[in-house]
>>> print(open('upload23.pdb').read())   # PDB, C-alpha atoms
ATOM      1  CA  MET P1342     -56.491 -47.378  20.496  1.00  0.00           C
ATOM      2  CA  ALA P1343     -56.452 -43.886  18.990  1.00  0.00           C
ATOM      3  CA  LEU P1344     -53.271 -42.646  17.380  1.00  0.00           C
ATOM      4  CA  SER P1345     -51.915 -39.251  18.430  1.00  0.00           C
ATOM      5  CA  LYS P1346     -50.832 -36.839  15.740  1.00  0.00           C
ATOM      6  CA  ILE P1347     -47.350 -35.401  16.207  1.00  0.00           C
ATOM      7  CA  ASP P1348     -47.052 -31.790  15.106  1.00  0.00           C
ATOM      8  CA  VAL P1349     -43.596 -32.061  13.564  1.00  0.00           C
ATOM      9  CA  ALA P1350     -43.721 -28.615  11.975  1.00  0.00           C
ATOM     10  CA  ASN P1351     -44.167 -26.833  15.311  1.00  0.00           C
ATOM     11  CA  MET P1352     -41.661 -29.042  17.115  1.00  0.00           C
ATOM     12  CA  LEU P1353     -38.971 -28.321  14.533  1.00  0.00           C
ATOM     13  CA  THR P1354     -39.710 -24.784  13.425  1.00  0.00           C
ATOM     14  CA  GLY P1355     -37.435 -23.803  10.582  1.00  0.00           C
ATOM     15  CA  THR P1356     -35.927 -27.252  10.130  1.00  0.00           C
ATOM     16  CA  ALA P1357     -38.894 -29.436   9.206  1.00  0.00           C
ATOM     17  CA  PRO P1358     -39.263 -30.423   5.555  1.00  0.00           C
ATOM     18  CA  VAL P1359     -41.449 -28.063   3.528  1.00  0.00           C
ATOM     19  CA  ALA P1360     -43.948 -30.882   2.984  1.00  0.00           C
ATOM     20  CA  ASN P1361     -44.491 -31.008   6.760  1.00  0.00           C
ATOM     21  CA  GLY P1362     -45.015 -27.296   7.146  1.00  0.00           C
ATOM     22  CA  GLY P1363     -41.467 -26.176   7.892  1.00  0.00           C
ATOM     23  CA  THR P1364     -39.295 -23.757   6.001  1.00  0.00           C
ATOM     24  CA  GLY P1365     -36.870 -26.487   5.037  1.00  0.00           C
ATOM     25  CA  VAL P1366     -33.098 -26.750   5.292  1.00  0.00           C
ATOM     26  CA  THR P1367     -31.417 -25.822   2.035  1.00  0.00           C
ATOM     27  CA  SER P1368     -27.901 -26.851   3.084  1.00  0.00           C
ATOM     28  CA  VAL P1369     -26.212 -29.274   5.453  1.00  0.00           C
ATOM     29  CA  ASP P1370     -24.545 -26.169   6.910  1.00  0.00           C
ATOM     30  CA  ALA P1371     -27.889 -24.547   7.799  1.00  0.00           C
ATOM     31  CA  ILE P1372     -29.616 -25.765  10.973  1.00  0.00           C
ATOM     32  CA  GLY P1373     -32.673 -23.673  11.712  1.00  0.00           C
ATOM     33  CA  ASN P1374     -31.518 -20.072  12.006  1.00  0.00           C
ATOM     34  CA  LEU P1375     -27.812 -20.936  12.386  1.00  0.00           C
ATOM     35  CA  VAL P1376     -25.881 -20.821   9.095  1.00  0.00           C
ATOM     36  CA  LYS P1377     -22.252 -21.896   8.752  1.00  0.00           C
ATOM     37  CA  ILE P1378     -20.190 -19.276   6.915  1.00  0.00           C
ATOM     38  CA  SER P1379     -16.643 -20.628   7.171  1.00  0.00           C
ATOM     39  CA  SER P1380     -14.371 -22.781   9.316  1.00  0.00           C
ATOM     40  CA  GLN P1381     -10.639 -22.955  10.010  1.00  0.00           C
ATOM     41  CA  THR P1382      -8.739 -25.935  11.387  1.00  0.00           C
ATOM     42  CA  ILE P1383      -5.714 -24.987  13.471  1.00  0.00           C
ATOM     43  CA  SER P1384      -2.450 -26.808  12.820  1.00  0.00           C
ATOM     44  CA  ASP P1385       0.484 -27.164  15.185  1.00  0.00           C
ATOM     45  CA  GLY P1386       2.433 -23.928  15.628  1.00  0.00           C
ATOM     46  CA  THR P1387      -0.238 -21.527  14.337  1.00  0.00           C
ATOM     47  CA  ALA P1388       0.566 -17.926  15.305  1.00  0.00           C
ATOM     48  CA  SER P1389      -2.943 -16.540  14.722  1.00  0.00           C
ATOM     49  CA  VAL P1390      -6.277 -17.249  13.056  1.00  0.00           C
ATOM     50  CA  GLU P1391      -7.927 -14.513  10.978  1.00  0.00           C
ATOM     51  CA  PHE P1392     -11.396 -14.178   9.495  1.00  0.00           C
ATOM     52  CA  THR P1393     -11.325 -11.427   6.859  1.00  0.00           C
ATOM     53  CA  SER P1394     -14.679 -12.175   5.239  1.00  0.00           C
ATOM     54  CA  GLY P1395     -18.145 -13.236   6.327  1.00  0.00           C
ATOM     55  CA  ILE P1396     -18.705 -10.513   8.926  1.00  0.00           C
ATOM     56  CA  ASP P1397     -21.135  -8.367   6.972  1.00  0.00           C
ATOM     57  CA  SER P1398     -24.735  -7.167   6.842  1.00  0.00           C
ATOM     58  CA  THR P1399     -26.044 -10.517   5.587  1.00  0.00           C
ATOM     59  CA  TYR P1400     -26.561 -11.408   9.270  1.00  0.00           C
ATOM     60  CA  ARG P1401     -27.003  -9.063  12.220  1.00  0.00           C
ATOM     61  CA  ILE P1402     -25.597 -11.623  14.664  1.00  0.00           C
ATOM     62  CA  HIS P1403     -22.443 -13.688  14.166  1.00  0.00           C
ATOM     63  CA  ILE P1404     -21.160 -16.517  16.353  1.00  0.00           C
ATOM     64  CA  PHE P1405     -17.598 -17.794  16.511  1.00  0.00           C
ATOM     65  CA  ARG P1406     -17.442 -21.326  17.935  1.00  0.00           C
ATOM     66  CA  TYR P1407     -14.069 -22.511  19.211  1.00  0.00           C
ATOM     67  CA  ASN P1408     -13.911 -26.298  19.493  1.00  0.00           C
ATOM     68  CA  ALA P1409     -11.136 -27.971  21.502  1.00  0.00           C
ATOM     69  CA  ILE P1410      -8.538 -25.205  21.237  1.00  0.00           C
ATOM     70  CA  ASP P1411      -5.074 -26.461  22.240  1.00  0.00           C
ATOM     71  CA  SER P1412      -2.988 -23.547  23.462  1.00  0.00           C
ATOM     72  CA  GLY P1413       0.258 -25.523  23.365  1.00  0.00           C
ATOM     73  CA  GLY P1414       1.491 -23.984  26.601  1.00  0.00           C
ATOM     74  CA  GLY P1415       0.502 -23.132  30.140  1.00  0.00           C
ATOM     75  CA  ASN P1416      -0.921 -19.993  31.685  1.00  0.00           C
ATOM     76  CA  THR P1417      -1.702 -18.312  28.368  1.00  0.00           C
ATOM     77  CA  GLU P1418      -4.675 -16.244  27.238  1.00  0.00           C
ATOM     78  CA  LEU P1419      -6.705 -16.570  24.071  1.00  0.00           C
ATOM     79  CA  THR P1420      -7.322 -13.051  22.743  1.00  0.00           C
ATOM     80  CA  PHE P1421      -9.105 -11.306  19.891  1.00  0.00           C
ATOM     81  CA  ALA P1422      -8.529  -8.105  17.949  1.00  0.00           C
ATOM     82  CA  PRO P1423     -11.095  -6.639  15.501  1.00  0.00           C
ATOM     83  CA  SER P1424     -10.486  -4.553  12.400  1.00  0.00           C
ATOM     84  CA  THR P1425     -12.595  -2.308  10.187  1.00  0.00           C
ATOM     85  CA  ASN P1426     -10.538  -3.480   7.182  1.00  0.00           C
ATOM     86  CA  ASN P1427     -10.911  -6.719   5.232  1.00  0.00           C
ATOM     87  CA  ASP P1428      -7.279  -7.127   4.166  1.00  0.00           C
ATOM     88  CA  GLY P1429      -5.655  -8.417   7.340  1.00  0.00           C
ATOM     89  CA  THR P1430      -4.539  -4.985   8.578  1.00  0.00           C
ATOM     90  CA  GLY P1431      -5.655  -2.523  11.229  1.00  0.00           C
ATOM     91  CA  TYR P1432      -6.230  -5.006  14.054  1.00  0.00           C
ATOM     92  CA  GLY P1433      -6.766  -3.491  17.474  1.00  0.00           C
ATOM     93  CA  ILE P1434      -9.657  -1.081  18.096  1.00  0.00           C
ATOM     94  CA  ALA P1435     -10.446   0.533  21.446  1.00  0.00           C
ATOM     95  CA  THR P1436     -12.527  -2.014  23.391  1.00  0.00           C
ATOM     96  CA  THR P1437     -14.110  -2.014  26.846  1.00  0.00           C
ATOM     97  CA  SER P1438     -15.018  -5.316  28.482  1.00  0.00           C
ATOM     98  CA  SER P1439     -15.435  -7.078  31.824  1.00  0.00           C
ATOM     99  CA  PHE P1440     -14.081 -10.519  32.715  1.00  0.00           C
ATOM    100  CA  ALA P1441     -15.292 -13.041  35.312  1.00  0.00           C
ATOM    101  CA  SER P1442     -14.596 -16.711  35.952  1.00  0.00           C
ATOM    102  CA  ALA P1443     -16.037 -19.696  37.806  1.00  0.00           C
ATOM    103  CA  TYR P1444     -13.723 -22.547  38.706  1.00  0.00           C
ATOM    104  CA  SER P1445     -13.474 -25.786  40.650  1.00  0.00           C
ATOM    105  CA  GLN P1446     -10.251 -27.642  41.480  1.00  0.00           C
ATOM    106  CA  GLU P1447     -10.394 -31.287  40.416  1.00  0.00           C
ATOM    107  CA  GLY P1448      -9.149 -32.461  43.835  1.00  0.00           C
ATOM    108  CA  GLY P1449     -11.883 -30.503  45.616  1.00  0.00           C
ATOM    109  CA  THR P1450      -9.512 -28.098  47.352  1.00  0.00           C
ATOM    110  CA  SER P1451     -11.197 -24.903  46.203  1.00  0.00           C
ATOM    111  CA  SER P1452     -13.878 -23.364  44.012  1.00  0.00           C
ATOM    112  CA  ALA P1453     -15.134 -19.831  43.420  1.00  0.00           C
ATOM    113  CA  PHE P1454     -16.906 -17.393  41.157  1.00  0.00           C
ATOM    114  CA  GLN P1455     -15.197 -14.042  40.904  1.00  0.00           C
ATOM    115  CA  ASN P1456     -14.516 -10.955  38.867  1.00  0.00           C
ATOM    116  CA  GLU P1457     -11.106 -10.902  37.193  1.00  0.00           C
ATOM    117  CA  GLY P1458     -10.297  -7.212  37.134  1.00  0.00           C
ATOM    118  CA  SER P1459      -6.784  -7.699  35.791  1.00  0.00           C
ATOM    119  CA  TYR P1460      -8.309  -9.107  32.579  1.00  0.00           C
ATOM    120  CA  ASP P1461     -10.800  -6.271  32.085  1.00  0.00           C
ATOM    121  CA  SER P1462     -10.291  -3.918  29.157  1.00  0.00           C
ATOM    122  CA  HIS P1463     -10.718  -0.148  29.459  1.00  0.00           C
ATOM    123  CA  ASN P1464     -10.889   1.314  25.956  1.00  0.00           C
ATOM    124  CA  ASP P1465      -7.817  -0.786  25.158  1.00  0.00           C
ATOM    125  CA  ALA P1466      -6.675  -1.083  21.547  1.00  0.00           C
ATOM    126  CA  GLY P1467      -4.592  -4.234  21.949  1.00  0.00           C
ATOM    127  CA  ASN P1468      -5.480  -7.926  22.080  1.00  0.00           C
ATOM    128  CA  ILE P1469      -8.557  -8.440  24.272  1.00  0.00           C
ATOM    129  CA  PRO P1470      -8.515 -11.493  26.626  1.00  0.00           C
ATOM    130  CA  LEU P1471     -11.211 -14.143  26.143  1.00  0.00           C
ATOM    131  CA  SER P1472      -9.778 -16.917  28.341  1.00  0.00           C
ATOM    132  CA  ARG P1473      -7.038 -17.264  30.930  1.00  0.00           C
ATOM    133  CA  ALA P1474      -4.607 -19.775  32.420  1.00  0.00           C
ATOM    134  CA  ASN P1475      -4.931 -22.345  29.640  1.00  0.00           C
ATOM    135  CA  GLY P1476      -3.591 -25.786  30.594  1.00  0.00           C
ATOM    136  CA  THR P1477      -0.171 -27.193  29.700  1.00  0.00           C
ATOM    137  CA  GLY P1478      -1.021 -30.816  28.913  1.00  0.00           C
ATOM    138  CA  SER P1479      -1.723 -32.136  25.440  1.00  0.00           C
ATOM    139  CA  ASP P1480      -5.181 -33.210  26.647  1.00  0.00           C
ATOM    140  CA  GLU P1481      -6.030 -29.818  28.198  1.00  0.00           C
ATOM    141  CA  ILE P1482      -8.201 -27.650  25.964  1.00  0.00           C
ATOM    142  CA  GLN P1483     -10.554 -24.677  25.866  1.00  0.00           C
ATOM    143  CA  SER P1484     -13.859 -24.388  24.006  1.00  0.00           C
ATOM    144  CA  MET P1485     -15.902 -21.234  23.559  1.00  0.00           C
ATOM    145  CA  ASP P1486     -18.810 -19.438  21.909  1.00  0.00           C
ATOM    146  CA  MET P1487     -18.345 -15.744  21.089  1.00  0.00           C
ATOM    147  CA  THR P1488     -21.419 -13.815  19.940  1.00  0.00           C
ATOM    148  CA  CYS P1489     -21.042 -10.533  18.028  1.00  0.00           C
ATOM    149  CA  TYR P1490     -24.055  -8.247  17.680  1.00  0.00           C
ATOM    150  CA  ASP P1491     -24.644  -6.185  14.528  1.00  0.00           C
ATOM    151  CA  TRP P1492     -20.977  -5.607  13.781  1.00  0.00           C
ATOM    152  CA  ALA P1493     -21.741  -4.444  10.241  1.00  0.00           C
ATOM    153  CA  ASN P1494     -23.790  -1.427  11.321  1.00  0.00           C
ATOM    154  CA  THR P1495     -22.337   2.070  10.990  1.00  0.00           C
ATOM    155  CA  THR P1496     -24.309   3.806  13.756  1.00  0.00           C
ATOM    156  CA  HIS P1497     -23.604   2.061  17.057  1.00  0.00           C
ATOM    157  CA  VAL P1498     -20.728   0.566  19.027  1.00  0.00           C
ATOM    158  CA  LYS P1499     -20.237  -3.192  18.596  1.00  0.00           C
ATOM    159  CA  PRO P1500     -21.334  -5.381  21.554  1.00  0.00           C
ATOM    160  CA  PHE P1501     -20.015  -8.901  22.079  1.00  0.00           C
ATOM    161  CA  ARG P1502     -20.005 -11.628  24.682  1.00  0.00           C
ATOM    162  CA  ALA P1503     -18.009 -14.849  25.094  1.00  0.00           C
ATOM    163  CA  VAL P1504     -18.393 -17.891  27.342  1.00  0.00           C
ATOM    164  CA  SER P1505     -15.627 -20.483  27.496  1.00  0.00           C
ATOM    165  CA  VAL P1506     -15.046 -23.718  29.382  1.00  0.00           C
ATOM    166  CA  GLY P1507     -11.839 -25.661  29.693  1.00  0.00           C
ATOM    167  CA  HIS P1508      -8.883 -26.940  31.690  1.00  0.00           C
ATOM    168  CA  HIS P1509      -7.042 -24.409  33.849  1.00  0.00           C
ATOM    169  CA  GLN P1510      -3.269 -24.887  34.050  1.00  0.00           C
ATOM    170  CA  ALA P1511      -3.567 -25.662  37.809  1.00  0.00           C
ATOM    171  CA  ASP P1512      -6.012 -28.550  37.222  1.00  0.00           C
ATOM    172  CA  TYR P1513      -9.192 -26.543  37.603  1.00  0.00           C
ATOM    173  CA  SER P1514     -12.346 -26.756  35.548  1.00  0.00           C
ATOM    174  CA  ILE P1515     -12.861 -23.137  34.579  1.00  0.00           C
ATOM    175  CA  MET P1516     -15.553 -21.104  32.853  1.00  0.00           C
ATOM    176  CA  ASN P1517     -14.768 -17.589  31.667  1.00  0.00           C
ATOM    177  CA  PHE P1518     -17.407 -14.925  31.007  1.00  0.00           C
ATOM    178  CA  VAL P1519     -16.470 -11.879  28.940  1.00  0.00           C
ATOM    179  CA  GLY P1520     -18.724  -9.089  27.705  1.00  0.00           C
ATOM    180  CA  GLY P1521     -18.276  -5.606  26.345  1.00  0.00           C
ATOM    181  CA  PHE P1522     -18.172  -3.483  23.222  1.00  0.00           C
ATOM    182  CA  VAL P1523     -15.766  -2.435  20.511  1.00  0.00           C
ATOM    183  CA  ASN P1524     -15.843   1.342  20.647  1.00  0.00           C
ATOM    184  CA  THR P1525     -16.351   2.227  16.988  1.00  0.00           C
ATOM    185  CA  THR P1526     -19.313   3.134  14.785  1.00  0.00           C
ATOM    186  CA  SER P1527     -17.515   1.829  11.691  1.00  0.00           C
ATOM    187  CA  ALA P1528     -18.390  -1.628  10.393  1.00  0.00           C
ATOM    188  CA  ILE P1529     -16.077  -4.380  11.627  1.00  0.00           C
ATOM    189  CA  GLN P1530     -15.008  -6.619   8.771  1.00  0.00           C
ATOM    190  CA  SER P1531     -12.249  -8.808  10.231  1.00  0.00           C
ATOM    191  CA  ILE P1532     -11.159 -10.451  13.458  1.00  0.00           C
ATOM    192  CA  ARG P1533      -7.919 -12.064  14.595  1.00  0.00           C
ATOM    193  CA  PHE P1534      -7.491 -14.667  17.330  1.00  0.00           C
ATOM    194  CA  LYS P1535      -4.135 -15.443  18.951  1.00  0.00           C
ATOM    195  CA  LEU P1536      -2.507 -16.260  22.264  1.00  0.00           C
ATOM    196  CA  ASN P1537      -0.872 -13.567  24.341  1.00  0.00           C
ATOM    197  CA  SER P1538       2.297 -15.676  24.053  1.00  0.00           C
ATOM    198  CA  GLY P1539       3.259 -18.787  22.123  1.00  0.00           C
ATOM    199  CA  THR P1540       1.332 -20.508  19.347  1.00  0.00           C
ATOM    200  CA  LEU P1541      -1.885 -22.468  18.927  1.00  0.00           C
ATOM    201  CA  ASN P1542      -1.490 -26.204  18.399  1.00  0.00           C
ATOM    202  CA  GLY P1543      -4.932 -27.464  17.446  1.00  0.00           C
ATOM    203  CA  GLY P1544      -8.682 -27.012  17.346  1.00  0.00           C
ATOM    204  CA  VAL P1545     -11.313 -25.617  15.002  1.00  0.00           C
ATOM    205  CA  ILE P1546     -12.900 -22.162  14.850  1.00  0.00           C
ATOM    206  CA  THR P1547     -16.164 -21.859  12.922  1.00  0.00           C
ATOM    207  CA  LEU P1548     -18.031 -18.682  11.974  1.00  0.00           C
ATOM    208  CA  TYR P1549     -21.832 -18.795  11.867  1.00  0.00           C
ATOM    209  CA  GLY P1550     -24.458 -16.255  10.895  1.00  0.00           C
ATOM    210  CA  VAL P1551     -27.772 -16.131  12.739  1.00  0.00           C
ATOM    211  CA  ARG P1552     -30.921 -15.488  10.729  1.00  0.00           C
ATOM    212  CA  THR P1553     -33.095 -12.949  12.582  1.00  0.00           C
TER
END
>>> encode(input="upload23.pdb", output="structure tokens")
Amino acid sequence: MALSKIDVANMLTGTAPVANGGTGVTSVDAIGNLVKISSQTISDGTASVEFTSGIDSTYRIHIFRYNAIDSGGGNTELTFAPSTNNDGTGYGIATTSSFASAYSQEGGTSSAFQNEGSYDSHNDAGNIPLSRANGTGSDEIQSMDMTCYDWANTTHVKPFRAVSVGHHQADYSIMNFVGGFVNTTSAIQSIRFKLNSGTLNGGVITLYGVRT
């Protein structure tokens, strides 16, 4: 019986060992083109989470991954505010975005996909909604990926998109879809995440850079 040769290098482009034809992984925090920059673990009663470094021209795409965020209260929104400073000041830059959600009630009473116009942003300079109606129970969480495109450039506005999934406060499974742009040509250097009311009680937010 003939043995088939497995082309490991092509199956695992960028992550195969150099000896097998790949580029190799130089760190446990580097998987292919995704490179971990920093991570913050949220403790009970956290007012906000800020990243004031790591958003720079090293990578043209950055991803914030929110894992099991506990909002600590019902019917709250997770929001973000960017800044062109790197010292924890100047949060809140005019941003335009659209917001939609898909949901299904766990008892089967209703489900829908719809635009959420009341959560849209129209060149608003406040805290921009990324999720809505977070659950009240200690086991009810939200998780999300937020992708930021070329935020270090000084020529264009700053596009972003976010997709979250979690437990709605009325016992729905809910996905939120947010996309838009921060209306500045200055480089964004910091970002702050917080609830529209109350404090965060748990979870992890990790910043990644994407090699392009």
>>> closest_atom_pairs(input="upload23.pdb", of="segment 1483-1522 of chain P", to="segment 1417-1436 of chain P", cutoff="10 Å", atoms="all atoms listed in the file", output="JSON lines")
{"residue": "P:Gln1483", "atom": "CA", "partner": "P:Leu1419", "partner_atom": "CA", "distance": 9.2}
{"residue": "P:Trp1492", "atom": "CA", "partner": "P:Thr1425", "partner_atom": "CA", "distance": 9.7}
{"residue": "P:Ala1493", "atom": "CA", "partner": "P:Thr1425", "partner_atom": "CA", "distance": 9.4}
{"residue": "P:Val1498", "atom": "CA", "partner": "P:Thr1436", "partner_atom": "CA", "distance": 9.6}
{"residue": "P:Lys1499", "atom": "CA", "partner": "P:Thr1436", "partner_atom": "CA", "distance": 9.2}
{"residue": "P:Pro1500", "atom": "CA", "partner": "P:Thr1436", "partner_atom": "CA", "distance": 9.6}
{"residue": "P:His1509", "atom": "CA", "partner": "P:Thr1417", "partner_atom": "CA", "distance": 9.8}
{"residue": "P:Gln1510", "atom": "CA", "partner": "P:Thr1417", "partner_atom": "CA", "distance": 8.8}
{"residue": "P:Gly1521", "atom": "CA", "partner": "P:Thr1436", "partner_atom": "CA", "distance": 7.4}
{"residue": "P:Phe1522", "atom": "CA", "partner": "P:Thr1436", "partner_atom": "CA", "distance": 5.8}
>>> closest_residue(input="upload23.pdb", among="P:Val1390, P:Ala1466, P:Ala1453, P:Leu1548", to="Ile1404 of chain P", atoms="all atoms listed in the file")
P:Leu1548
>>> closest_atom_pairs(input="upload23.pdb", of="segment 1473-1517 of chain P", to="segment 1524-1540 of chain P", cutoff="12 Å", atoms="only C-alpha atoms", output="CSV")
residue,atom,partner,partner_atom,distance
P:Arg1473,CA,P:Asn1537,CA,9.8
P:Ala1474,CA,P:Asn1537,CA,10.9
P:Asn1475,CA,P:Leu1536,CA,9.9
P:Thr1477,CA,P:Gly1539,CA,11.8
P:Met1487,CA,P:Phe1534,CA,11.5
P:Cys1489,CA,P:Ile1529,CA,10.2
P:Tyr1490,CA,P:Ile1529,CA,10.7
P:Asp1491,CA,P:Ala1528,CA,8.8
P:Trp1492,CA,P:Ile1529,CA,5.5
P:Ala1493,CA,P:Ala1528,CA,4.4
P:Asn1494,CA,P:Ala1528,CA,5.5
P:Thr1495,CA,P:Ser1527,CA,4.9
P:Thr1496,CA,P:Thr1526,CA,5.1
P:His1497,CA,P:Thr1526,CA,5.0
P:Val1498,CA,P:Thr1525,CA,5.1
P:Lys1499,CA,P:Asn1524,CA,6.6
P:Pro1500,CA,P:Asn1524,CA,8.7
P:Phe1501,CA,P:Asn1524,CA,11.2
>>> closest_residue(input="upload23.pdb", among="P:Asp1512, P:Gly1520, P:Arg1406, P:Asn1468", to="Thr1382 of chain P", atoms="all atoms listed in the file")
P:Arg1406
>>> atom_distance(input="upload23.pdb", atom1="atom CA of Ile1469 of chain P", atom2="atom CA of Val1545 of chain P")
19.7 Å
>>> axis_aligned_box(input="upload23.pdb", around="segment 1415-1433 of chain P", padding_each_side="6 Å", output="AutoDock Vina command-line options")
--center_x -6.0 --center_y -12.7 --center_z 17.9 --size_x 25.1 --size_y 32.8 --size_z 39.5
>>> closest_residue(input="upload23.pdb", among="P:Ser1514, P:Ser1451, P:Thr1488, P:Asn1542", to="Ile1402 of chain P", atoms="all atoms listed in the file")
P:Thr1488
>>> residues_around(input="upload23.pdb", residues="Gly1544 of chain P", least_positions_apart="3", cutoff="7 Å", atoms="only C-alpha atoms", output="list of chain:residue names")
P:Thr1382, P:Ile1383, P:Asn1408, P:Ala1409, P:Ile1410, P:Asp1411
>>> resolve_selection(input="upload23.pdb", expression="the PyMOL selection byres ((chain P and resi 1379) around 6)", output="number ranges by chain")
P: 1377-1378, 1380, 1547-1548
>>> closest_residue(input="upload23.pdb", among="P:His1403, P:Arg1502, P:His1508, P:His1463", to="Val1376 of chain P", atoms="all atoms listed in the file")
P:His1403
>>> atom_distance(input="upload23.pdb", atom1="atom CA of Gly1413 of chain P", atom2="atom CA of Val1506 of chain P")
16.5 Å
>>> atom_distance(input="upload23.pdb", atom1="atom CA of Gly1449 of chain P", atom2="atom CA of Gly1415 of chain P")
21.1 Å
>>> closest_residue(input="upload23.pdb", among="P:Phe1518, P:Tyr1400, P:Phe1454, P:Tyr1444", to="Ser1472 of chain P", atoms="all atoms listed in the file")
P:Phe1518
>>> closest_residue(input="upload23.pdb", among="P:Ser1439, P:Asn1456, P:Ser1389, P:Ser1462", to="Ala1503 of chain P", atoms="all atoms listed in the file")
P:Ser1439
>>> residues_near_point(input="upload23.pdb", point="(-5.9, -31.3, 38.8)", cutoff="7 Å", atoms="all atoms listed in the file", output="NGL selection string")
:P and (1446-1448 or 1511-1513)
>>> decode(input="upload23.pdb", residues="segment 1507-1518 of chain P", atoms="N, CA and C atoms", output="PDB file, in the first residue's frame")
ATOM      1  N   GLY P1507     -24.435  36.930  22.853  1.00  0.00           N
ATOM      2  CA  GLY P1507     -24.572  36.824  24.295  1.00  0.00           C
ATOM      3  C   GLY P1507     -26.002  36.616  24.735  1.00  0.00           C
ATOM      4  N   HIS P1508     -26.227  36.846  26.024  1.00  0.00           N
ATOM      5  CA  HIS P1508     -27.513  36.619  26.676  1.00  0.00           C
ATOM      6  C   HIS P1508     -28.221  37.945  26.896  1.00  0.00           C
ATOM      7  N   HIS P1509     -29.329  38.137  26.202  1.00  0.00           N
ATOM      8  CA  HIS P1509     -30.173  39.318  26.359  1.00  0.00           C
ATOM      9  C   HIS P1509     -30.884  39.252  27.707  1.00  0.00           C
ATOM     10  N   GLN P1510     -31.146  40.416  28.312  1.00  0.00           N
ATOM     11  CA  GLN P1510     -31.731  40.456  29.643  1.00  0.00           C
ATOM     12  C   GLN P1510     -33.145  39.855  29.700  1.00  0.00           C
ATOM     13  N   ALA P1511     -33.803  39.668  28.552  1.00  0.00           N
ATOM     14  CA  ALA P1511     -35.132  39.047  28.519  1.00  0.00           C
ATOM     15  C   ALA P1511     -35.056  37.591  28.058  1.00  0.00           C
ATOM     16  N   ASP P1512     -33.926  36.946  28.310  1.00  0.00           N
ATOM     17  CA  ASP P1512     -33.722  35.528  27.982  1.00  0.00           C
ATOM     18  C   ASP P1512     -33.769  35.259  26.485  1.00  0.00           C
ATOM     19  N   TYR P1513     -33.115  36.111  25.729  1.00  0.00           N
ATOM     20  CA  TYR P1513     -32.911  35.915  24.311  1.00  0.00           C
ATOM     21  C   TYR P1513     -31.438  35.588  24.062  1.00  0.00           C
ATOM     22  N   SER P1514     -31.195  34.760  23.043  1.00  0.00           N
ATOM     23  CA  SER P1514     -29.855  34.714  22.458  1.00  0.00           C
ATOM     24  C   SER P1514     -29.795  35.853  21.454  1.00  0.00           C
ATOM     25  N   ILE P1515     -28.785  36.693  21.567  1.00  0.00           N
ATOM     26  CA  ILE P1515     -28.738  37.877  20.713  1.00  0.00           C
ATOM     27  C   ILE P1515     -27.362  38.055  20.096  1.00  0.00           C
ATOM     28  N   MET P1516     -27.350  38.409  18.814  1.00  0.00           N
ATOM     29  CA  MET P1516     -26.139  38.824  18.123  1.00  0.00           C
ATOM     30  C   MET P1516     -26.306  40.273  17.718  1.00  0.00           C
ATOM     31  N   ASN P1517     -25.275  41.075  17.967  1.00  0.00           N
ATOM     32  CA  ASN P1517     -25.291  42.479  17.576  1.00  0.00           C
ATOM     33  C   ASN P1517     -24.241  42.725  16.506  1.00  0.00           C
ATOM     34  N   PHE P1518     -24.585  43.530  15.512  1.00  0.00           N
ATOM     35  CA  PHE P1518     -23.700  43.844  14.397  1.00  0.00           C
ATOM     36  C   PHE P1518     -23.559  45.359  14.308  1.00  0.00           C
TER      37      PHE P1518
END
